[in-house]
Amino acid sequence: LAEVGPDAACAEALAAMLAAPVGAYRAAVEALHTTFGSIAAEPQDMRPRVIRAANETFQNTLGRRPGVRLFLRGVGFESRARESLPDGLAASLGLSVGPPTERFYYLPEPSMMEAYDEWTLWLQRIQRIAEFLRGMERLTFQRTAHLGQHGLDLP
C-alpha cells in the first residue's frame with residue numbers, strides 16, 4: 001500500500017475482485033456499497049467503521065473475496081488488534097469480550113472539533129467512494145441480470 005498509494009491500491013483491489021466469479025463479485029460490490037453508504041450517511045455511527053476480521057458474516061460476504069482487504073486498506077481501514085482500538089470502543093459497540101490480539105478493521109475519523117477541514121475532506125472522500133461503489137453496483141447488475149437470479153447463482 002505504501003509503495004503504490006491508496007488510489008492505486010483500490011484500483012488494484014477492484015481488478016483482483018474481477019477474478020472472482022460473477023456472483024461473488026457482485027455480492028462483494030453490493031456489500032462494500034452498503035458499508036460505505038452507511039458510513040457516508042451517518043459518519044458518527046461507529047458500527048460500520050469497526051469490523052471484526054473473524055466475524056463469519058464479514059468472512060462470507062467480503063473477507064474471503066480477492067482484493068477486498070486491499071480495498072479496505074486503500075480507503076483507510078486499518079488492521080488493528082482489539083487492544084489498539086480507541087479506549088472503550090469495542091464495549092460501546094457491544095462487541096463481546098475477546099483476546100487482546102483479536103483483529104479488527106477500523107476506519108479512523110479525524111476529529112470534527114479539532115480538525116474540521118481535515119474531517120470535511122475525509123467525509124467527502126467517503127461519500128465519493130460510496131457513490132463510486134453505487135455506480136459499480138448498478139453497472140454490475142446491468143451486466144449480469146440476464147445470467148439468472150441476477151448473476152448470483154453463477155460460480
# chains A, B, ... in the order shown; residues from 1 in each chain; ligands from 1
$ select_by_dssp --residues "chain A" --states "helix (DSSP H, G or I)" --output "PyMOL selection string"
chain A and resi 6-17+22-41+47-49+56-63+68-74+82-84+89-92+116-147+149-151
$ closest_atom_pairs --of "segment 48-74 of chain A" --to "segment 12-28 of chain A" --cutoff "12 Å" --atoms "only C-alpha atoms" --output "tab-separated table"
residue	atom	partner	partner_atom	distance
A:Phe58	CA	A:Ala28	CA	10.3
A:Gln59	CA	A:Ala28	CA	10.8
A:Asn60	CA	A:Ala28	CA	9.5
A:Thr61	CA	A:Ala28	CA	6.2
A:Leu62	CA	A:Ala28	CA	5.7
A:Gly63	CA	A:Ala28	CA	9.2
A:Arg64	CA	A:Ala28	CA	9.7
A:Arg65	CA	A:Met17	CA	6.9
A:Pro66	CA	A:Met17	CA	5.1
A:Gly67	CA	A:Ala13	CA	4.1
A:Val68	CA	A:Ala13	CA	6.4
A:Arg69	CA	A:Ala13	CA	8.0
A:Leu70	CA	A:Ala13	CA	5.6
A:Phe71	CA	A:Ala13	CA	5.2
A:Leu72	CA	A:Ala13	CA	8.9
A:Arg73	CA	A:Ala13	CA	9.7
A:Gly74	CA	A:Ala13	CA	8.5
$ residues_around --residues "Val50 of chain A" --least-positions-apart "6" --cutoff "7 Å" --atoms "only C-alpha atoms" --output "PDB file with all heavy atoms, in the first residue's frame"
ATOM      1  N   PHE A 104      -9.296  -6.520  14.053  1.00  0.00           N
ATOM      2  CA  PHE A 104     -10.420  -5.725  13.572  1.00  0.00           C
ATOM      3  C   PHE A 104      -9.937  -4.876  12.403  1.00  0.00           C
ATOM      4  O   PHE A 104      -8.751  -4.550  12.307  1.00  0.00           O
ATOM      5  CB  PHE A 104     -10.928  -4.781  14.665  1.00  0.00           C
ATOM      6  CG  PHE A 104     -11.650  -5.470  15.781  1.00  0.00           C
ATOM      7  CD1 PHE A 104     -10.946  -6.025  16.835  1.00  0.00           C
ATOM      8  CD2 PHE A 104     -13.029  -5.567  15.775  1.00  0.00           C
ATOM      9  CE1 PHE A 104     -11.608  -6.669  17.869  1.00  0.00           C
ATOM     10  CE2 PHE A 104     -13.702  -6.204  16.804  1.00  0.00           C
ATOM     11  CZ  PHE A 104     -12.990  -6.753  17.849  1.00  0.00           C
ATOM     12  N   TYR A 105     -10.862  -4.511  11.537  1.00  0.00           N
ATOM     13  CA  TYR A 105     -10.616  -3.460  10.559  1.00  0.00           C
ATOM     14  C   TYR A 105     -11.316  -2.230  11.106  1.00  0.00           C
ATOM     15  O   TYR A 105     -12.505  -2.258  11.404  1.00  0.00           O
ATOM     16  CB  TYR A 105     -11.173  -3.833   9.179  1.00  0.00           C
ATOM     17  CG  TYR A 105     -10.398  -4.966   8.565  1.00  0.00           C
ATOM     18  CD1 TYR A 105     -10.901  -6.255   8.594  1.00  0.00           C
ATOM     19  CD2 TYR A 105      -9.163  -4.753   7.983  1.00  0.00           C
ATOM     20  CE1 TYR A 105     -10.184  -7.307   8.065  1.00  0.00           C
ATOM     21  CE2 TYR A 105      -8.434  -5.801   7.446  1.00  0.00           C
ATOM     22  CZ  TYR A 105      -8.957  -7.076   7.487  1.00  0.00           C
ATOM     23  OH  TYR A 105      -8.243  -8.112   6.967  1.00  0.00           O
ATOM     24  N   TYR A 106     -10.547  -1.163  11.238  1.00  0.00           N
ATOM     25  CA  TYR A 106     -11.047   0.061  11.873  1.00  0.00           C
ATOM     26  C   TYR A 106     -10.780   1.241  10.944  1.00  0.00           C
ATOM     27  O   TYR A 106      -9.664   1.427  10.464  1.00  0.00           O
ATOM     28  CB  TYR A 106     -10.341   0.256  13.215  1.00  0.00           C
ATOM     29  CG  TYR A 106     -10.565   1.601  13.854  1.00  0.00           C
ATOM     30  CD1 TYR A 106     -11.823   1.989  14.306  1.00  0.00           C
ATOM     31  CD2 TYR A 106      -9.513   2.500  14.003  1.00  0.00           C
ATOM     32  CE1 TYR A 106     -12.022   3.233  14.888  1.00  0.00           C
ATOM     33  CE2 TYR A 106      -9.704   3.741  14.589  1.00  0.00           C
ATOM     34  CZ  TYR A 106     -10.960   4.098  15.022  1.00  0.00           C
ATOM     35  OH  TYR A 106     -11.157   5.329  15.596  1.00  0.00           O
ATOM     36  N   LEU A 107     -11.817   2.034  10.692  1.00  0.00           N
ATOM     37  CA  LEU A 107     -11.673   3.236   9.873  1.00  0.00           C
ATOM     38  C   LEU A 107     -11.641   4.445  10.797  1.00  0.00           C
ATOM     39  O   LEU A 107     -12.668   4.874  11.315  1.00  0.00           O
ATOM     40  CB  LEU A 107     -12.840   3.360   8.883  1.00  0.00           C
ATOM     41  CG  LEU A 107     -12.801   4.568   7.949  1.00  0.00           C
ATOM     42  CD1 LEU A 107     -11.577   4.510   7.035  1.00  0.00           C
ATOM     43  CD2 LEU A 107     -14.072   4.621   7.119  1.00  0.00           C
TER      44      LEU A 107
END
$ select_by_dssp --residues "segment 25-153 of chain A" --states "strand (DSSP E or B)" --output "compact mmCIF listing (two decimals) with C-alpha atoms, in the first residue's frame"
# COMPACT_ATOMS: atom_id res chain seq x y z
CA VAL A 50 -15.33 -1.33 13.05
CA ILE A 51 -15.29 -4.80 11.50
CA ARG A 52 -14.30 -7.92 13.42
CA GLU A 78 -6.53 -0.13 9.42
CA SER A 79 -5.95 -3.66 10.68
CA ARG A 80 -5.74 -3.37 14.44
CA ALA A 81 -5.69 -5.64 17.45
CA ARG A 103 -8.07 -8.46 14.76
CA PHE A 104 -10.42 -5.72 13.57
CA TYR A 105 -10.62 -3.46 10.56
CA TYR A 106 -11.05 0.06 11.87
$ closest_residue --among "A:Gly76, A:Leu95, A:Ala11, A:Thr101" --to "Trp122 of chain A" --atoms "only C-alpha atoms"
A:Gly76
$ closest_residue --among "A:Gly94, A:Ala8, A:Gly135, A:Gln124" --to "Arg47 of chain A" --atoms "only C-alpha atoms"
A:Gly94
$ residues_around --residues "Val97 of chain A" --least-positions-apart "5" --cutoff "12 Å" --atoms "only C-alpha atoms" --output "ChimeraX atom specification"
/A:52,82-83,88-92,102
$ residues_around --residues "segment 34-40 of chain A" --least-positions-apart "5" --cutoff "6 Å" --atoms "only C-alpha atoms" --output "NGL selection string"
:A and (126-127 or 130)
$ closest_residue --among "A:Pro43, A:Ala145, A:Gly98, A:Ala53" --to "Ser111 of chain A" --atoms "only C-alpha atoms"
A:Pro43
$ atom_distance --atom1 "atom CA of Leu93 of chain A" --atom2 "atom CA of Ala54 of chain A"
16.2 Å
$ atom_distance --atom1 "atom CA of Leu133 of chain A" --atom2 "atom CA of Val29 of chain A"
6.7 Å
$ closest_residue --among "A:Pro99, A:Arg134, A:Phe77, A:Gln142" --to "Arg49 of chain A" --atoms "only C-alpha atoms"
A:Phe77
